[in-house]
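**Q** Following this line is work-v3.pdb, made up of PDB, C-alpha atoms:
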```pdb
ATOM      1  CA  MET A   1      91.191  39.084  24.051
ATOM      2  CA  CYS A   2      89.752  37.471  27.202
ATOM      3  CA  LEU A   3      87.547  34.413  26.920
ATOM      4  CA  LEU A   4      84.422  34.716  29.041
ATOM      5  CA  VAL A   5      82.439  31.771  30.339
ATOM      6  CA  VAL A   6      78.787  31.014  30.938
ATOM      7  CA  MET A   7      78.413  28.779  33.975
ATOM      8  CA  SER A   8      75.926  26.189  32.755
ATOM      9  CA  GLY A   9      75.361  24.658  36.167
ATOM     10  CA  CYS A  10      74.581  27.888  37.987
ATOM     11  CA  PHE A  11      71.290  28.664  36.232
ATOM     12  CA  GLY A  12      68.118  26.931  35.157
ATOM     13  CA  PRO A  13      67.757  24.759  32.038
ATOM     14  CA  PRO A  14      67.826  26.549  28.677
ATOM     15  CA  SER A  15      64.732  27.301  26.706
ATOM     16  CA  PRO A  16      63.947  24.805  23.916
ATOM     17  CA  SER A  17      63.772  27.755  21.550
ATOM     18  CA  SER A  18      67.345  28.806  22.276
ATOM     19  CA  THR A  19      69.553  29.207  19.265
ATOM     20  CA  GLU A  20      72.778  30.433  20.828
ATOM     21  CA  SER A  21      75.223  28.559  23.053
ATOM     22  CA  THR A  22      78.424  29.199  24.886
ATOM     23  CA  THR A  23      80.904  26.401  25.436
ATOM     24  CA  THR A  24      82.877  26.013  28.634
ATOM     25  CA  ALA A  25      86.201  24.199  28.242
ATOM     26  CA  SER A  26      87.295  21.582  30.754
ATOM     27  CA  SER A  27      90.199  19.171  30.984
ATOM     28  CA  SER A  28      88.425  16.248  29.420
ATOM     29  CA  THR A  29      84.993  17.283  28.079
ATOM     30  CA  SER A  30      83.193  20.324  26.674
ATOM     31  CA  ASP A  31      79.875  21.319  28.223
ATOM     32  CA  SER A  32      77.508  23.529  26.211
ATOM     33  CA  SER A  33      74.754  25.684  27.621
ATOM     34  CA  ALA A  34      72.249  27.431  25.379
ATOM     35  CA  THR A  35      71.187  30.969  26.209
ATOM     36  CA  ALA A  36      67.601  31.850  26.879
ATOM     37  CA  SER A  37      65.248  33.348  24.340
ATOM     38  CA  PRO A  38      64.611  37.013  25.122
ATOM     39  CA  ASP A  39      60.952  36.463  24.140
ATOM     40  CA  ASP A  40      60.256  34.083  27.042
ATOM     41  CA  PRO A  41      59.871  36.044  30.309
ATOM     42  CA  ASN A  42      60.053  32.819  32.366
ATOM     43  CA  ASP A  43      63.629  32.051  31.373
ATOM     44  CA  PRO A  44      66.544  33.509  33.358
ATOM     45  CA  PRO A  45      68.378  36.419  31.689
ATOM     46  CA  THR A  46      71.418  34.584  30.327
ATOM     47  CA  ALA A  47      71.470  35.962  26.810
ATOM     48  CA  ALA A  48      74.835  37.661  27.346
ATOM     49  CA  PRO A  49      78.104  36.156  28.608
ATOM     50  CA  LEU A  50      78.707  36.647  32.300
ATOM     51  CA  PRO A  51      81.626  38.824  33.441
ATOM     52  CA  GLY A  52      83.260  36.075  35.499
ATOM     53  CA  PRO A  53      86.645  34.452  34.941
ATOM     54  CA  GLY A  54      87.135  32.564  31.725
ATOM     55  CA  ASP A  55      89.096  29.516  30.600
ATOM     56  CA  GLY A  56      92.134  29.707  28.414
ATOM     57  CA  PRO A  57      95.705  30.972  28.295
ATOM     58  CA  PRO A  58      96.397  34.362  29.857
ATOM     59  CA  PRO A  59      96.184  37.241  27.372
ATOM     60  CA  ALA A  60      99.421  38.710  28.666
ATOM     61  CA  ALA A  61     102.383  37.652  30.742
ATOM     62  CA  GLY A  62     101.693  37.912  34.453
ATOM     63  CA  ALA A  63      97.896  37.830  34.187
ATOM     64  CA  PRO A  64      96.307  36.233  37.286
ATOM     65  CA  VAL A  65      95.388  32.597  36.597
ATOM     66  CA  ILE A  66      93.537  30.355  39.028
ATOM     67  CA  ARG A  67      94.719  26.760  39.053
ATOM     68  CA  TRP A  68      91.400  24.954  39.281
ATOM     69  CA  VAL A  69      90.861  21.491  40.736
ATOM     70  CA  PRO A  70      92.243  18.941  38.250
ATOM     71  CA  ILE A  71      90.718  15.822  36.772
ATOM     72  CA  GLY A  72      89.523  13.204  39.246
ATOM     73  CA  PRO A  73      89.808  11.173  41.158
ATOM     74  CA  ALA A  74      86.174  10.115  41.023
ATOM     75  CA  ALA A  75      84.377   6.894  40.213
ATOM     76  CA  PRO A  76      80.797   5.586  40.442
ATOM     77  CA  SER A  77      81.710   3.617  43.561
ATOM     78  CA  ASP A  78      83.041   6.704  45.341
ATOM     79  CA  PRO A  79      81.333   8.279  48.344
ATOM     80  CA  PRO A  80      79.461  11.608  48.004
ATOM     81  CA  GLU A  81      82.672  13.621  48.135
ATOM     82  CA  GLY A  82      83.704  12.198  44.766
ATOM     83  CA  ALA A  83      80.504  13.378  43.090
ATOM     84  CA  LEU A  84      80.783  16.841  44.624
ATOM     85  CA  TYR A  85      84.408  17.055  43.531
ATOM     86  CA  GLU A  86      83.296  16.479  39.947
ATOM     87  CA  PHE A  87      80.532  19.115  40.242
ATOM     88  CA  LEU A  88      83.131  21.631  41.360
ATOM     89  CA  ARG A  89      85.688  20.633  38.747
ATOM     90  CA  LYS A  90      83.100  21.343  36.025
ATOM     91  CA  ARG A  91      81.946  24.456  37.926
ATOM     92  CA  ASP A  92      78.435  23.051  38.069
ATOM     93  CA  CYS A  93      77.156  25.521  40.658
ATOM     94  CA  ALA A  94      73.587  24.200  40.526
ATOM     95  CA  GLY A  95      74.780  20.653  41.120
ATOM     96  CA  LEU A  96      76.624  21.785  44.230
ATOM     97  CA  ARG A  97      73.790  23.989  45.449
ATOM     98  CA  ASP A  98      71.025  21.438  44.934
ATOM     99  CA  SER A  99      72.905  18.389  46.181
ATOM    100  CA  THR A 100      71.407  16.501  49.123
ATOM    101  CA  LEU A 101      74.461  14.263  49.557
ATOM    102  CA  ASN A 102      75.714  13.867  53.112
ATOM    103  CA  THR A 103      79.429  14.476  53.554
ATOM    104  CA  GLY A 104      81.898  14.353  56.385
ATOM    105  CA  PHE A 105      82.867  18.031  56.001
ATOM    106  CA  PRO A 106      79.882  19.936  54.600
ATOM    107  CA  ALA A 107      81.515  23.338  55.149
ATOM    108  CA  VAL A 108      83.950  22.547  52.322
ATOM    109  CA  TRP A 109      81.172  22.032  49.795
ATOM    110  CA  THR A 110      79.228  25.064  51.019
ATOM    111  CA  ALA A 111      82.348  27.119  50.317
ATOM    112  CA  ALA A 112      82.734  25.341  46.971
ATOM    113  CA  GLU A 113      79.249  26.381  45.850
ATOM    114  CA  ALA A 114      79.793  29.958  47.024
ATOM    115  CA  THR A 115      83.122  30.250  45.190
ATOM    116  CA  CYS A 116      81.670  28.616  42.078
ATOM    117  CA  GLN A 117      78.963  31.271  42.045
ATOM    118  CA  ALA A 118      81.479  34.065  42.603
ATOM    119  CA  LEU A 119      83.547  32.832  39.675
ATOM    120  CA  ALA A 120      80.432  32.871  37.502
ATOM    121  CA  THR A 121      79.162  36.351  38.380
ATOM    122  CA  ASP A 122      82.297  38.159  39.593
ATOM    123  CA  LEU A 123      80.018  40.206  41.847
ATOM    124  CA  PRO A 124      81.568  41.642  45.041
ATOM    125  CA  VAL A 125      78.700  40.301  47.149
ATOM    126  CA  ASP A 126      79.330  36.771  45.865
ATOM    127  CA  TRP A 127      83.065  36.983  46.495
ATOM    128  CA  GLU A 128      82.335  38.210  50.009
ATOM    129  CA  ARG A 129      80.049  35.208  50.595
ATOM    130  CA  ALA A 130      82.753  32.862  49.269
ATOM    131  CA  GLN A 131      85.346  34.350  51.598
ATOM    132  CA  THR A 132      83.019  34.033  54.593
ATOM    133  CA  ALA A 133      82.215  30.411  53.740
ATOM    134  CA  LEU A 134      85.899  29.569  53.394
ATOM    135  CA  ALA A 135      86.597  30.954  56.855
ATOM    136  CA  ASP A 136      84.263  28.276  58.232
ATOM    137  CA  VAL A 137      86.402  25.440  56.818
ATOM    138  CA  THR A 138      88.584  24.217  59.682
ATOM    139  CA  GLY A 139      90.007  21.040  61.117
ATOM    140  CA  LEU A 140      90.570  18.980  57.969
ATOM    141  CA  PRO A 141      92.529  15.802  58.800
ATOM    142  CA  PRO A 142      95.623  15.197  56.641
ATOM    143  CA  GLY A 143      94.071  12.129  55.014
ATOM    144  CA  ARG A 144      91.139  14.035  53.462
ATOM    145  CA  CYS A 145      92.873  14.808  50.194
ATOM    146  CA  TRP A 146      89.763  15.818  48.242
ATOM    147  CA  GLU A 147      88.694  18.416  50.777
ATOM    148  CA  ILE A 148      92.224  19.741  51.233
ATOM    149  CA  LYS A 149      92.837  20.208  47.502
ATOM    150  CA  VAL A 150      89.412  21.731  46.935
ATOM    151  CA  THR A 151      89.903  24.194  49.779
ATOM    152  CA  ALA A 152      93.304  25.203  48.398
ATOM    153  CA  SER A 153      91.799  25.960  44.971
ATOM    154  CA  LEU A 154      88.949  27.949  46.501
ATOM    155  CA  GLN A 155      91.334  29.948  48.683
ATOM    156  CA  GLN A 156      93.542  30.756  45.713
ATOM    157  CA  ALA A 157      90.552  32.051  43.775
ATOM    158  CA  VAL A 158      89.468  34.326  46.635
ATOM    159  CA  ASP A 159      93.024  35.563  47.226
ATOM    160  CA  LEU A 160      93.533  36.367  43.545
ATOM    161  CA  ARG A 161      90.288  38.288  43.341
ATOM    162  CA  ASN A 162      91.206  40.292  46.463
ATOM    163  CA  ALA A 163      94.655  41.066  45.055
ATOM    164  CA  HIS A 164      93.488  41.963  41.533
ATOM    165  CA  GLN A 165      90.305  43.977  41.861
ATOM    166  CA  GLY A 166      88.826  44.894  38.502
ATOM    167  CA  VAL A 167      91.192  42.600  36.562
ATOM    168  CA  GLN A 168      89.938  39.734  34.424
ATOM    169  CA  LEU A 169      90.807  36.455  36.157
ATOM    170  CA  LEU A 170      91.433  33.313  34.128
ATOM    171  CA  VAL A 171      90.813  29.751  35.268
ATOM    172  CA  ASP A 172      93.305  27.054  34.329
ATOM    173  CA  ALA A 173      90.866  24.177  33.900
ATOM    174  CA  ALA A 174      93.186  22.087  31.767
ATOM    175  CA  GLY A 175      94.172  20.035  34.792
ATOM    176  CA  ALA A 176      97.796  19.327  35.573
ATOM    177  CA  GLY A 177      97.138  15.783  36.696
ATOM    178  CA  ASP A 178      95.443  14.013  39.554
ATOM    179  CA  ASP A 179      96.074  15.808  42.831
ATOM    180  CA  CYS A 180      94.646  12.955  44.892
ATOM    181  CA  PRO A 181      95.865   9.683  43.393
ATOM    182  CA  ARG A 182      94.802   6.593  45.305
ATOM    183  CA  ARG A 183      98.248   5.408  46.217
ATOM    184  CA  LEU A 184     100.095   3.708  49.044
ATOM    185  CA  THR A 185     103.068   5.941  49.838
ATOM    186  CA  GLY A 186     104.498   4.427  53.021
ATOM    187  CA  LEU A 187     104.008   2.802  56.415
ATOM    188  CA  THR A 188     104.171   4.030  59.997
ATOM    189  CA  VAL A 189     104.777   1.592  62.843
ATOM    190  CA  LEU A 190     102.564   2.607  65.766
ATOM    191  CA  ALA A 191     103.980   0.573  68.659
ATOM    192  CA  GLY A 192     107.048  -1.292  69.804
ATOM    193  CA  PRO A 193     110.719  -0.348  70.016
ATOM    194  CA  HIS A 194     110.761   0.985  66.424
ATOM    195  CA  ALA A 195     107.539   3.050  66.522
ATOM    196  CA  GLY A 196     107.714   6.012  64.142
ATOM    197  CA  ALA A 197     111.094   5.023  62.689
ATOM    198  CA  ALA A 198     111.887   6.128  59.129
ATOM    199  CA  ALA A 199     112.336   2.491  58.095
ATOM    200  CA  PRO A 200     109.099   0.782  59.236
ATOM    201  CA  THR A 201     110.372  -2.051  61.416
ATOM    202  CA  VAL A 202     108.403  -4.448  63.603
ATOM    203  CA  PRO A 203     109.403  -7.262  65.973
ATOM    204  CA  ALA A 204     109.625 -10.671  64.357
ATOM    205  CA  GLY A 205     106.858 -12.111  66.506
ATOM    206  CA  GLY A 206     104.043 -10.242  64.722
ATOM    207  CA  GLY A 207     100.978  -8.412  65.982
ATOM    208  CA  THR A 208     102.386  -4.865  65.806
ATOM    209  CA  PRO A 209      99.912  -2.228  64.474
ATOM    210  CA  VAL A 210     101.096  -0.476  61.300
ATOM    211  CA  ARG A 211      99.317   2.469  59.607
ATOM    212  CA  LEU A 212      99.009   2.778  55.835
ATOM    213  CA  GLU A 213     100.125   6.166  54.493
ATOM    214  CA  GLY A 214      98.680   7.653  51.311
ATOM    215  CA  PHE A 215      95.231   8.525  49.953
ATOM    216  CA  PHE A 216      92.574   5.848  50.335
ATOM    217  CA  VAL A 217      88.802   5.961  50.210
ATOM    218  CA  ASN A 218      87.865   2.322  50.634
ATOM    219  CA  VAL A 219      90.256  -0.590  51.215
ATOM    220  CA  ASP A 220      89.298  -4.206  50.454
ATOM    221  CA  ASN A 221      92.469  -6.044  51.488
ATOM    222  CA  VAL A 222      95.928  -5.356  52.844
ATOM    223  CA  LEU A 223      98.481  -7.855  51.565
ATOM    224  CA  VAL A 224     101.851  -8.611  53.189
ATOM    225  CA  SER A 225     104.010 -10.717  50.877
ATOM    226  CA  GLY A 226     100.828 -11.406  48.910
ATOM    227  CA  ASN A 227      98.902 -12.744  51.905
ATOM    228  CA  PRO A 228      95.896 -10.872  53.371
ATOM    229  CA  VAL A 229      96.291  -9.674  56.953
ATOM    230  CA  GLU A 230      93.876  -8.283  59.509
ATOM    231  CA  PHE A 231      93.208  -4.553  59.160
ATOM    232  CA  GLU A 232      90.681  -1.958  60.315
ATOM    233  CA  GLY A 233      89.652   1.596  59.508
ATOM    234  CA  PRO A 234      86.664   3.717  58.440
ATOM    235  CA  GLN A 235      86.059   5.172  54.998
ATOM    236  CA  PHE A 236      88.995   7.427  54.074
ATOM    237  CA  GLY A 237      90.991   5.826  56.909
ATOM    238  CA  PRO A 238      93.278   5.877  58.703
ATOM    239  CA  PHE A 239      93.733   2.195  57.922
ATOM    240  CA  VAL A 240      95.791   0.058  60.307
ATOM    241  CA  PHE A 241      96.920  -3.525  59.777
ATOM    242  CA  TYR A 242      98.646  -5.934  62.139
ATOM    243  CA  ALA A 243     102.033  -7.257  61.106
ATOM    244  CA  PRO A 244     102.264 -11.035  60.691
ATOM    245  CA  PRO A 245     105.147 -13.061  62.174
ATOM    246  CA  ALA A 246     108.386 -12.829  60.237
ATOM    247  CA  ASN A 247     108.725 -16.597  59.755
ATOM    248  CA  GLY A 248     112.398 -16.231  59.013
ATOM    249  CA  ILE A 249     112.248 -13.352  56.482
ATOM    250  CA  GLU A 250     113.853  -9.937  56.929
ATOM    251  CA  SER A 251     111.357  -7.837  54.935
ATOM    252  CA  ALA A 252     107.995  -8.077  53.177
ATOM    253  CA  ARG A 253     106.209  -6.195  50.395
ATOM    254  CA  VAL A 254     102.954  -4.486  51.417
ATOM    255  CA  THR A 255     100.234  -3.714  48.845
ATOM    256  CA  VAL A 256      96.580  -2.676  48.971
ATOM    257  CA  GLU A 257      93.581  -4.037  47.087
ATOM    258  CA  ALA A 258      90.743  -1.559  46.630
ATOM    259  CA  THR A 259      87.936  -0.578  44.265
ATOM    260  CA  PRO A 260      88.891   1.638  42.411
ATOM    261  CA  PRO A 261      92.449   0.261  42.513
ATOM    262  CA  VAL A 262      95.174   1.675  44.738
ATOM    263  CA  SER A 263      98.677   1.812  43.301
ATOM    264  CA  GLY A 264     102.034   1.791  45.036
ATOM    265  CA  GLU A 265     103.705  -0.500  47.514
ATOM    266  CA  ALA A 266     105.814  -0.292  50.657
ATOM    267  CA  VAL A 267     108.360  -2.463  52.450
ATOM    268  CA  LEU A 268     107.952  -3.682  56.021
ATOM    269  CA  PHE A 269     111.104  -4.760  57.857
ATOM    270  CA  PHE A 270     111.335  -7.355  60.605
ATOM    271  CA  ALA A 271     113.764  -6.886  63.459
ATOM    272  CA  GLY A 272     115.858  -9.941  64.316
ATOM    273  CA  PRO A 273     115.964 -11.381  67.826
ATOM    274  CA  THR A 274     117.838  -9.357  70.419
ATOM    275  CA  PRO A 275     121.411 -10.638  70.534
ATOM    276  CA  PRO A 276     122.252 -12.309  73.864
ATOM    277  CA  GLY A 277     124.432 -10.408  76.284
ATOM    278  CA  PRO A 278     127.391 -11.817  78.263
ATOM    279  CA  THR A 279     126.575 -14.840  80.431
ATOM    280  CA  PRO A 280     126.500 -13.769  84.074
ATOM    281  CA  THR A 281     129.146 -15.431  86.278
ATOM    282  CA  GLU A 282     129.606 -15.788  90.026
ATOM    283  CA  PRO A 283     131.710 -13.001  91.507
ATOM    284  CA  THR A 284     135.331 -13.986  92.218
ATOM    285  CA  THR A 285     136.515 -13.548  95.824
ATOM    286  CA  THR A 286     139.979 -13.929  97.406
ATOM    287  CA  ALA A 287     140.145 -16.162 100.457
ATOM    288  CA  PRO A 288     142.067 -14.871 103.479
ATOM    289  CA  PRO A 289     145.499 -16.415 104.029
ATOM    290  CA  GLU A 290     145.678 -19.560 106.168
ATOM    291  CA  PRO A 291     147.706 -19.557 109.416
ATOM    292  CA  PRO A 292     151.141 -21.162 109.091
ATOM    293  CA  GLY A 293     151.128 -24.914 109.249
ATOM    294  CA  THR A 294     147.381 -25.320 108.841
ATOM    295  CA  GLY A 295     146.952 -25.238 105.132
ATOM    296  CA  LEU A 296     147.806 -27.586 102.371
ATOM    297  CA  PRO A 297     151.442 -27.672 101.367
ATOM    298  CA  THR A 298     152.372 -25.072  98.855
ATOM    299  CA  VAL A 299     153.224 -26.417  95.475
ATOM    300  CA  GLY A 300     156.338 -24.856  94.058
ATOM    301  CA  PRO A 301     159.984 -25.340  93.348
ATOM    302  CA  PRO A 302     161.885 -27.346  96.034
ATOM    303  CA  ALA A 303     163.719 -25.369  98.631
ATOM    304  CA  ALA A 304     167.492 -25.266  98.425
ATOM    305  CA  GLU A 305     169.249 -27.853 100.666
ATOM    306  CA  ALA A 306     171.485 -26.592 103.475
ATOM    307  CA  PRO A 307     175.216 -27.402 103.124
ATOM    308  CA  PRO A 308     176.384 -30.474 105.158
ATOM    309  CA  ALA A 309     177.949 -29.820 108.531
ATOM    310  CA  PRO A 310     181.774 -30.218 108.637
ATOM    311  CA  GLN A 311     183.094 -33.609 109.948
ATOM    312  CA  PRO A 312     185.391 -33.656 112.963
TER     313      PRO A 312
END
```
Could I get this file's structure written as structure tokens?
**A**
Amino acid sequence: MCLLVVMSGCFGPPSPSSTESTTTASSSTSDSSATASPDDPNDPPTAAPLPGPGDGPPPAAGAPVIRWVPIGPAAPSDPPEGALYEFLRKRDCAGLRDSTLNTGFPAVWTAAEATCQALATDLPVDWERAQTALADVTGLPPGRCWEIKVTASLQQAVDLRNAHQGVQLLVDAAGAGDDCPRRLTGLTVLAGPHAGAAAPTVPAGGGTPVRLEGFFVNVDNVLVSGNPVEFEGPQFGPFVFYAPPANGIESARVTVEATPPVSGEAVLFFAGPTPPGPTPTEPTTTAPPEPPGTGLPTVGPPAAEAPPAPQP
């Protein structure tokens, strides 16, 4: 038996006289939406469950299941993208459609609303609109984890519907964990003799720019060995800090302070001074031989004496 879902966010508020409700399961909460009274002509016709994909385990092995965007990350201090992410996670189509929040990549959230609606109605015209909106999503930088993960979920939904026409789709809304954890995952040295090396290494003198790798929204401080260092970067990054002098150490622990917190740490290595090469010497030359009798006497073993002449 397939579980069908009423999308509470995609339609107007329920009538106060409603007596029936349909519950939509999510990974952390349950949202209920009452159906409209058939006696009130001003209420939208939502008395019957919609034919769109439902939540729950597949009724049979191999049934097409959409892996929906998982829980978080979102917090009250997040930028608009965090709020829109939560609208989509709960499949609050009205919240997405009516939002006036300004985002860096609005095409993503236009496609999110279109796909949310297609999941609710399962109408071919809505799936066609979702596919068209998704085609307009281009040029996402690698650091925009929310938009990348959302787009992947939307694309999977459209692809599954295209591949399984007339088959009941199911949405896995249980959430398999946070796809975009705020975490420092590594460092990339941007200049100097070790730029781009697998082991992030900077000269001991300091001042080398180093990029933080991972998913960040806002960064408050970058700490090297527990001490704050100069850094720069817009919301979502990339964030770049400037390595301090080594002061005699070979490596330092790098962490990030942010609100909400950022986990993880990385190690920055300091290159020692360049070992000195061989000391240059004056070239050796051989002087030409002196003419006989003009030079200093040769030092060496004494010459053998001639035998005495015979006496008469």
**Q** The PyMOL selection byres ((chain A and resi 148) around 12) on the file shown: which residues, as a VMD selection string?
**A** chain A and resid 69 81 85 105 107 to 109 112 134 137 to 147 149 to 155 179 to 180 215
**Q** Taking only C-alpha atoms into account, name the residue in A:Pro79, A:Ala199, A:Phe270, A:Gly192 that is nearest to A:Phe216.
**A** A:Pro79
**Q** I'd like to see the residues matched by the PyMOL selection byres ((chain A and resi 156-162) around 12) on this file, and ideally I'd get them as a PyMOL selection string.
**A** chain A and resi 52-53+63-69+111-112+114-120+122-124+126-135+149-155+163-172
**Q** Running the PyMOL selection byres ((chain A and resi 189) around 10) on this model by hand, what would come out? Give it as a PyMOL selection string.
**A** chain A and resi 187-188+190-202+208-212+240-243+268
**Q** Do you have the atom CA of A:Pro70-atom CA of A:Gly214 distance handy?
**A**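 Going from atom CA of A:Pro70 over to atom CA of A:Gly214, I get 18.4 Å.
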**Q** Which one of A:Leu101, A:Val217, A:Ile71, A:Asp92 sits closest to A:Phe236 if you count only C-alpha atoms?
**A**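 The answer is A:Val217, which sits nearest to A:Phe236.
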**Q** Considering all atoms listed in the file, state which residue in the set A:Thr255, A:Asn218, A:Thr121, A:Thr100 is at the smallest distance from A:Thr185.
**A**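 Nearest to A:Thr185: A:Thr255.
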**Q** Please provide as a PyMOL selection string all residues within 8 Å of A:Ala204, with the sequence filter that same-chain residues fewer than 3 positions apart are discarded (counting all atoms listed in the file).
**A** chain A and resi 245-247+270-273
